[in-house]
Amino acid sequence: MPRSAVVETLYEDLEESNQYEIVVRVRDYSRTKEDNRAFELSLEDSNGTRFPFIVWEKSEEGRNYNWQNSCWYRLSGVSINNWPSGKVLHGTSSLGIEKLGMRQSGSQVNLIYLTDSHLGKSEHTYSGSCWPVSPVDGFRTAIERAIQENVNAVIHGGDLFHNPGSGIEDEDVAVCRESLTKLAEHGIPFYFIYGNHERQAGRQTMERFVDDGLAVHLGPRYEVIDDAVAVYGVDYRSNWSDFVFDLESGTGDFPTILCVHQSIAPFTTSNNPDCSVNSILEASNVPLDLIISGHTFSFGIPK
Ligand SMILES: [Mn+2]
């Protein structure tokens, strides 16, 4: 649905005392018999913004509707109320529902996965030698490439900023903002998780990017990229062993990706890995098709 040539009604544009037609995806629904409500749903608009929707018993079309998670619908005759919790969409007697389907068959996405950019790092030490590095150049090049290839999204696996503990230079923030702005101008979303290096300064910087619509923080609620894949993220954890998987389910038939920032056996040279591919697959409460991880600087194909 994103990148559609048609301008769709968006949640942010909805105002009280109007009736609307809006295209939405159902993220979750539950039946309720409270206070003349028939259903409470969690929806997202074509921009990916999530919001609540209440179908009232007086809606003939809606009260016994057979909703389907992950499916797109065109709703008509809906209205909005500003409640203390935010804007809530309502379906009453004028509610019309047209089912649009799950997705176009054969949806494909091209993603660029970047990780451990370590913006702000100036030199690298290895095996007793030390040499200057310029992560900014590499990051810029990768973003340029993403734009050239017109990828559907960029996913970043953590440690975008190096932040050795002394904070982040304004210059590095500016470089990052410039690149993320270019991506946004080309309609390419930037998804990320936190690594172990961002620390408080990194989080503050990234939160500003999120507020400015330049980046999306991946979490336990999945993000759908161009109707083709569902992506989850878990920020770096110093203690992985007490992590409890509680990922949002209901991704339908989208392939699922989990983005983490840990050392994962057998893909790490660490003698003491945080976890293994198998332990993640076993512990996850939703089926995962792909795990992508930052933090590991070795490469190879385990035998
Ligand atoms: Mn790391």
# chains A, B, ... in the order shown; residues from 1 in each chain; ligands from 1

call {"tool": "closest_atom_pairs", "arguments": {"of": "chain A", "to": "ligand 1", "cutoff": "6 Å", "atoms": "only C-alpha atoms and all ligand atoms", "output": "JSON lines"}}
result
{"residue": "A:Asp159", "atom": "CA", "partner": "ligand 1", "partner_atom_place_in_ligand_line": "1 (Mn)", "distance": 5.6}
{"residue": "A:Gly195", "atom": "CA", "partner": "ligand 1", "partner_atom_place_in_ligand_line": "1 (Mn)", "distance": 5.2}
{"residue": "A:Asn196", "atom": "CA", "partner": "ligand 1", "partner_atom_place_in_ligand_line": "1 (Mn)", "distance": 5.0}
{"residue": "A:His295", "atom": "CA", "partner": "ligand 1", "partner_atom_place_in_ligand_line": "1 (Mn)", "distance": 3.9}

call {"tool": "write_last_selection", "arguments": {"atoms": "N, CA, C and O atoms", "output": "tab-separated table (two decimals), in the first residue's frame"}}
result
chain	number	residue	atom	x	y	z
A	159	ASP	N	24.26	-0.01	16.57
A	159	ASP	CA	25.55	0.67	16.61
A	159	ASP	C	25.71	1.59	15.40
A	159	ASP	O	26.76	1.62	14.74
A	195	GLY	N	22.09	-0.81	19.21
A	195	GLY	CA	23.14	-1.73	19.58
A	195	GLY	C	23.63	-1.40	20.98
A	195	GLY	O	22.97	-0.68	21.73
A	196	ASN	N	24.81	-1.89	21.33
A	196	ASN	CA	25.36	-1.63	22.66
A	196	ASN	C	26.13	-0.31	22.71
A	196	ASN	O	26.57	0.11	23.76
A	295	HIS	N	26.59	-6.64	15.34
A	295	HIS	CA	27.47	-6.93	16.46
A	295	HIS	C	28.59	-7.93	16.15
A	295	HIS	O	29.61	-7.92	16.81

call {"tool": "residues_around", "arguments": {"residues": "Glu171 in chain A", "least_positions_apart": "6", "cutoff": "10 Å", "atoms": "only C-alpha atoms", "output": "short mmCIF file (atom, residue, chain, number, x, y, z; two decimals) with all heavy atoms, in the first residue's frame"}}
result
data_model
loop_
_atom_site.label_atom_id
_atom_site.label_comp_id
_atom_site.auth_asym_id
_atom_site.auth_seq_id
_atom_site.Cartn_x
_atom_site.Cartn_y
_atom_site.Cartn_z
N LEU A 119 29.35 5.44 13.39
CA LEU A 119 29.66 6.82 13.03
C LEU A 119 30.32 7.51 14.21
O LEU A 119 29.82 7.43 15.34
CB LEU A 119 28.38 7.59 12.64
CG LEU A 119 27.58 7.04 11.45
CD1 LEU A 119 26.32 7.89 11.22
CD2 LEU A 119 28.44 7.00 10.21
N GLY A 120 31.43 8.16 13.96
CA GLY A 120 32.17 8.83 15.04
C GLY A 120 33.44 8.10 15.42
O GLY A 120 34.29 8.65 16.13
N VAL A 136 31.87 7.45 8.17
CA VAL A 136 30.92 8.35 7.53
C VAL A 136 30.88 8.10 6.02
O VAL A 136 29.82 8.07 5.40
CB VAL A 136 31.32 9.81 7.84
CG1 VAL A 136 30.77 10.76 6.82
CG2 VAL A 136 30.86 10.18 9.24
N ARG A 177 21.64 12.74 9.67
CA ARG A 177 20.37 13.39 9.33
C ARG A 177 20.27 13.65 7.83
O ARG A 177 19.23 13.43 7.21
CB ARG A 177 20.23 14.70 10.11
CG ARG A 177 18.98 15.51 9.73
CD ARG A 177 18.80 16.72 10.62
NE ARG A 177 18.34 16.37 11.96
CZ ARG A 177 17.06 16.16 12.27
NH1 ARG A 177 16.12 16.26 11.35
NH2 ARG A 177 16.72 15.85 13.51
#

call {"tool": "closest_residue", "arguments": {"among": "A:Gly62, A:Asn36, A:Leu14, A:Phe161", "to": "Val88 in chain A", "atoms": "only C-alpha atoms"}}
result
A:Leu14

call {"tool": "closest_residue", "arguments": {"among": "A:Leu95, A:Val109, A:Ile188, A:Leu258", "to": "Pro287 in chain A", "atoms": "only C-alpha atoms"}}
result
A:Leu258

call {"tool": "closest_residue", "arguments": {"among": "A:Gly213, A:Pro220, A:Gly158, A:Gly101", "to": "Arg25 in chain A", "atoms": "only C-alpha atoms"}}
result
A:Gly101

call {"tool": "closest_residue", "arguments": {"among": "A:Gln200, A:Thr9, A:Asn81, A:Thr141", "to": "Val175 in chain A", "atoms": "only C-alpha atoms"}}
result
A:Thr141

call {"tool": "closest_residue", "arguments": {"among": "A:Gly233, A:Gly252, A:Gly202, A:Pro84", "to": "Val216 in chain A", "atoms": "only C-alpha atoms"}}
result
A:Gly233

call {"tool": "decode", "arguments": {"residues": "range 151-292 of chain A", "atoms": "C-alpha atoms", "output": "PDB file, in the first residue's frame"}}
result
ATOM      1  CA  VAL A 151      15.211  -0.375  -2.452  1.00  0.00           C
ATOM      2  CA  ASN A 152      11.962  -0.753  -0.552  1.00  0.00           C
ATOM      3  CA  ALA A 153      13.618  -0.123   2.808  1.00  0.00           C
ATOM      4  CA  VAL A 154      16.900   0.138   4.678  1.00  0.00           C
ATOM      5  CA  ILE A 155      17.227  -1.858   7.899  1.00  0.00           C
ATOM      6  CA  HIS A 156      19.987  -0.979  10.365  1.00  0.00           C
ATOM      7  CA  GLY A 157      21.094  -3.589  12.889  1.00  0.00           C
ATOM      8  CA  GLY A 158      22.455  -1.325  15.627  1.00  0.00           C
ATOM      9  CA  ASP A 159      25.549   0.668  16.607  1.00  0.00           C
ATOM     10  CA  LEU A 160      24.767   3.362  14.069  1.00  0.00           C
ATOM     11  CA  PHE A 161      26.757   5.712  16.317  1.00  0.00           C
ATOM     12  CA  HIS A 162      30.040   4.704  17.886  1.00  0.00           C
ATOM     13  CA  ASN A 163      29.681   6.874  21.011  1.00  0.00           C
ATOM     14  CA  PRO A 164      32.638   5.660  23.073  1.00  0.00           C
ATOM     15  CA  GLY A 165      30.893   7.120  26.120  1.00  0.00           C
ATOM     16  CA  SER A 166      31.872  10.725  25.524  1.00  0.00           C
ATOM     17  CA  GLY A 167      28.828  11.562  23.452  1.00  0.00           C
ATOM     18  CA  ILE A 168      28.186  12.100  19.746  1.00  0.00           C
ATOM     19  CA  GLU A 169      29.702  14.880  17.659  1.00  0.00           C
ATOM     20  CA  ASP A 170      27.247  17.293  16.038  1.00  0.00           C
ATOM     21  CA  GLU A 171      28.995  16.636  12.751  1.00  0.00           C
ATOM     22  CA  ASP A 172      28.110  12.921  12.864  1.00  0.00           C
ATOM     23  CA  VAL A 173      24.499  13.694  13.742  1.00  0.00           C
ATOM     24  CA  ALA A 174      24.383  16.087  10.782  1.00  0.00           C
ATOM     25  CA  VAL A 175      25.806  13.508   8.368  1.00  0.00           C
ATOM     26  CA  CYS A 176      23.280  10.955   9.548  1.00  0.00           C
ATOM     27  CA  ARG A 177      20.369  13.392   9.333  1.00  0.00           C
ATOM     28  CA  GLU A 178      21.399  14.375   5.820  1.00  0.00           C
ATOM     29  CA  SER A 179      21.477  10.738   4.662  1.00  0.00           C
ATOM     30  CA  LEU A 180      18.181   9.817   6.329  1.00  0.00           C
ATOM     31  CA  THR A 181      16.563  12.926   4.835  1.00  0.00           C
ATOM     32  CA  LYS A 182      17.704  11.874   1.354  1.00  0.00           C
ATOM     33  CA  LEU A 183      16.207   8.437   1.919  1.00  0.00           C
ATOM     34  CA  ALA A 184      12.939   9.968   3.089  1.00  0.00           C
ATOM     35  CA  GLU A 185      12.842  12.252   0.035  1.00  0.00           C
ATOM     36  CA  HIS A 186      13.021   9.123  -2.103  1.00  0.00           C
ATOM     37  CA  GLY A 187      10.258   7.455  -0.100  1.00  0.00           C
ATOM     38  CA  ILE A 188      12.595   4.825   1.353  1.00  0.00           C
ATOM     39  CA  PRO A 189      11.922   4.055   5.027  1.00  0.00           C
ATOM     40  CA  PHE A 190      14.801   3.524   7.482  1.00  0.00           C
ATOM     41  CA  TYR A 191      14.206   0.920  10.197  1.00  0.00           C
ATOM     42  CA  PHE A 192      16.620   0.393  13.084  1.00  0.00           C
ATOM     43  CA  ILE A 193      17.346  -1.180  16.436  1.00  0.00           C
ATOM     44  CA  TYR A 194      19.802  -0.044  19.113  1.00  0.00           C
ATOM     45  CA  GLY A 195      23.142  -1.727  19.578  1.00  0.00           C
ATOM     46  CA  ASN A 196      25.358  -1.627  22.656  1.00  0.00           C
ATOM     47  CA  HIS A 197      27.165   1.540  21.525  1.00  0.00           C
ATOM     48  CA  GLU A 198      24.441   4.157  21.100  1.00  0.00           C
ATOM     49  CA  ARG A 199      23.970   4.748  24.799  1.00  0.00           C
ATOM     50  CA  GLN A 200      21.874   7.646  26.001  1.00  0.00           C
ATOM     51  CA  ALA A 201      23.202  10.209  23.517  1.00  0.00           C
ATOM     52  CA  GLY A 202      22.535   7.837  20.626  1.00  0.00           C
ATOM     53  CA  ARG A 203      19.031   7.127  21.803  1.00  0.00           C
ATOM     54  CA  GLN A 204      18.256  10.832  22.131  1.00  0.00           C
ATOM     55  CA  THR A 205      19.548  11.425  18.621  1.00  0.00           C
ATOM     56  CA  MET A 206      17.598   8.539  17.135  1.00  0.00           C
ATOM     57  CA  GLU A 207      14.415   9.536  18.976  1.00  0.00           C
ATOM     58  CA  ARG A 208      14.664  12.927  17.334  1.00  0.00           C
ATOM     59  CA  PHE A 209      14.960  11.236  13.930  1.00  0.00           C
ATOM     60  CA  VAL A 210      11.900   9.131  14.763  1.00  0.00           C
ATOM     61  CA  ASP A 211       9.939  12.232  15.798  1.00  0.00           C
ATOM     62  CA  ASP A 212      10.928  13.903  12.528  1.00  0.00           C
ATOM     63  CA  GLY A 213       9.639  10.928  10.530  1.00  0.00           C
ATOM     64  CA  LEU A 214      13.133   9.951   9.337  1.00  0.00           C
ATOM     65  CA  ALA A 215      13.420   6.580  11.073  1.00  0.00           C
ATOM     66  CA  VAL A 216      11.274   3.802  12.520  1.00  0.00           C
ATOM     67  CA  HIS A 217      12.361   1.929  15.652  1.00  0.00           C
ATOM     68  CA  LEU A 218      11.736  -1.796  15.217  1.00  0.00           C
ATOM     69  CA  GLY A 219      10.171  -3.597  18.154  1.00  0.00           C
ATOM     70  CA  PRO A 220       7.970  -6.519  19.164  1.00  0.00           C
ATOM     71  CA  ARG A 221       5.097  -5.211  17.031  1.00  0.00           C
ATOM     72  CA  TYR A 222       5.892  -6.037  13.433  1.00  0.00           C
ATOM     73  CA  GLU A 223       6.315  -3.499  10.656  1.00  0.00           C
ATOM     74  CA  VAL A 224       5.138  -4.559   7.213  1.00  0.00           C
ATOM     75  CA  ILE A 225       7.364  -3.469   4.347  1.00  0.00           C
ATOM     76  CA  ASP A 226       5.481  -2.905   1.098  1.00  0.00           C
ATOM     77  CA  ASP A 227       3.025  -5.735   1.637  1.00  0.00           C
ATOM     78  CA  ALA A 228       5.746  -8.347   1.396  1.00  0.00           C
ATOM     79  CA  VAL A 229       7.551  -8.972   4.706  1.00  0.00           C
ATOM     80  CA  ALA A 230       6.911  -8.449   8.416  1.00  0.00           C
ATOM     81  CA  VAL A 231       9.917  -7.228  10.422  1.00  0.00           C
ATOM     82  CA  TYR A 232      10.493  -7.359  14.184  1.00  0.00           C
ATOM     83  CA  GLY A 233      13.408  -5.926  16.156  1.00  0.00           C
ATOM     84  CA  VAL A 234      14.905  -6.470  19.585  1.00  0.00           C
ATOM     85  CA  ASP A 235      17.416  -3.894  20.874  1.00  0.00           C
ATOM     86  CA  TYR A 236      20.759  -5.102  22.235  1.00  0.00           C
ATOM     87  CA  ARG A 237      20.476  -6.756  25.613  1.00  0.00           C
ATOM     88  CA  SER A 238      23.488  -7.256  27.890  1.00  0.00           C
ATOM     89  CA  ASN A 239      21.681 -10.249  29.316  1.00  0.00           C
ATOM     90  CA  TRP A 240      19.967 -12.152  26.546  1.00  0.00           C
ATOM     91  CA  SER A 241      19.212 -15.201  28.650  1.00  0.00           C
ATOM     92  CA  ASP A 242      16.347 -13.535  30.503  1.00  0.00           C
ATOM     93  CA  PHE A 243      14.707 -12.221  27.318  1.00  0.00           C
ATOM     94  CA  VAL A 244      11.134 -13.413  26.903  1.00  0.00           C
ATOM     95  CA  PHE A 245       9.791 -13.451  23.352  1.00  0.00           C
ATOM     96  CA  ASP A 246       6.466 -11.675  23.165  1.00  0.00           C
ATOM     97  CA  LEU A 247       6.258 -10.775  19.482  1.00  0.00           C
ATOM     98  CA  GLU A 248       2.987  -9.633  17.978  1.00  0.00           C
ATOM     99  CA  SER A 249       1.405 -12.474  16.035  1.00  0.00           C
ATOM    100  CA  GLY A 250      -0.992 -12.335  13.105  1.00  0.00           C
ATOM    101  CA  THR A 251       1.427 -11.657  10.249  1.00  0.00           C
ATOM    102  CA  GLY A 252      -0.712 -13.803   7.959  1.00  0.00           C
ATOM    103  CA  ASP A 253       1.371 -15.328   5.216  1.00  0.00           C
ATOM    104  CA  PHE A 254       4.070 -12.638   5.222  1.00  0.00           C
ATOM    105  CA  PRO A 255       7.574 -14.019   5.649  1.00  0.00           C
ATOM    106  CA  THR A 256       8.969 -12.788   8.990  1.00  0.00           C
ATOM    107  CA  ILE A 257      12.345 -11.206   9.773  1.00  0.00           C
ATOM    108  CA  LEU A 258      13.825 -10.672  13.240  1.00  0.00           C
ATOM    109  CA  CYS A 259      16.561  -8.064  13.627  1.00  0.00           C
ATOM    110  CA  VAL A 260      18.817  -8.370  16.701  1.00  0.00           C
ATOM    111  CA  HIS A 261      22.219  -7.130  17.878  1.00  0.00           C
ATOM    112  CA  GLN A 262      23.759 -10.085  19.707  1.00  0.00           C
ATOM    113  CA  SER A 263      26.492 -12.646  19.170  1.00  0.00           C
ATOM    114  CA  ILE A 264      24.766 -15.658  17.694  1.00  0.00           C
ATOM    115  CA  ALA A 265      26.232 -19.134  17.387  1.00  0.00           C
ATOM    116  CA  PRO A 266      27.349 -20.524  15.020  1.00  0.00           C
ATOM    117  CA  PHE A 267      27.945 -17.193  13.236  1.00  0.00           C
ATOM    118  CA  THR A 268      30.181 -15.633  15.873  1.00  0.00           C
ATOM    119  CA  THR A 269      33.777 -16.270  16.827  1.00  0.00           C
ATOM    120  CA  SER A 270      32.896 -15.478  20.430  1.00  0.00           C
ATOM    121  CA  ASN A 271      33.600 -18.297  22.860  1.00  0.00           C
ATOM    122  CA  ASN A 272      30.667 -17.157  24.887  1.00  0.00           C
ATOM    123  CA  PRO A 273      27.845 -16.317  22.443  1.00  0.00           C
ATOM    124  CA  ASP A 274      24.657 -14.695  23.733  1.00  0.00           C
ATOM    125  CA  CYS A 275      22.457 -17.238  22.016  1.00  0.00           C
ATOM    126  CA  SER A 276      22.230 -19.527  19.017  1.00  0.00           C
ATOM    127  CA  VAL A 277      20.087 -19.529  15.904  1.00  0.00           C
ATOM    128  CA  ASN A 278      18.324 -22.641  17.170  1.00  0.00           C
ATOM    129  CA  SER A 279      17.641 -21.221  20.619  1.00  0.00           C
ATOM    130  CA  ILE A 280      16.052 -18.126  19.038  1.00  0.00           C
ATOM    131  CA  LEU A 281      13.909 -20.203  16.719  1.00  0.00           C
ATOM    132  CA  GLU A 282      12.796 -22.415  19.615  1.00  0.00           C
ATOM    133  CA  ALA A 283      12.115 -19.556  22.034  1.00  0.00           C
ATOM    134  CA  SER A 284      10.264 -17.326  19.575  1.00  0.00           C
ATOM    135  CA  ASN A 285       6.487 -17.267  20.030  1.00  0.00           C
ATOM    136  CA  VAL A 286       6.028 -16.570  16.303  1.00  0.00           C
ATOM    137  CA  PRO A 287       7.583 -18.479  13.385  1.00  0.00           C
ATOM    138  CA  LEU A 288      10.662 -16.691  12.012  1.00  0.00           C
ATOM    139  CA  ASP A 289      11.911 -17.034   8.443  1.00  0.00           C
ATOM    140  CA  LEU A 290      15.058 -14.921   8.724  1.00  0.00           C
ATOM    141  CA  ILE A 291      17.237 -13.631  11.551  1.00  0.00           C
ATOM    142  CA  ILE A 292      19.561 -10.694  10.857  1.00  0.00           C
TER     143      ILE A 292
END
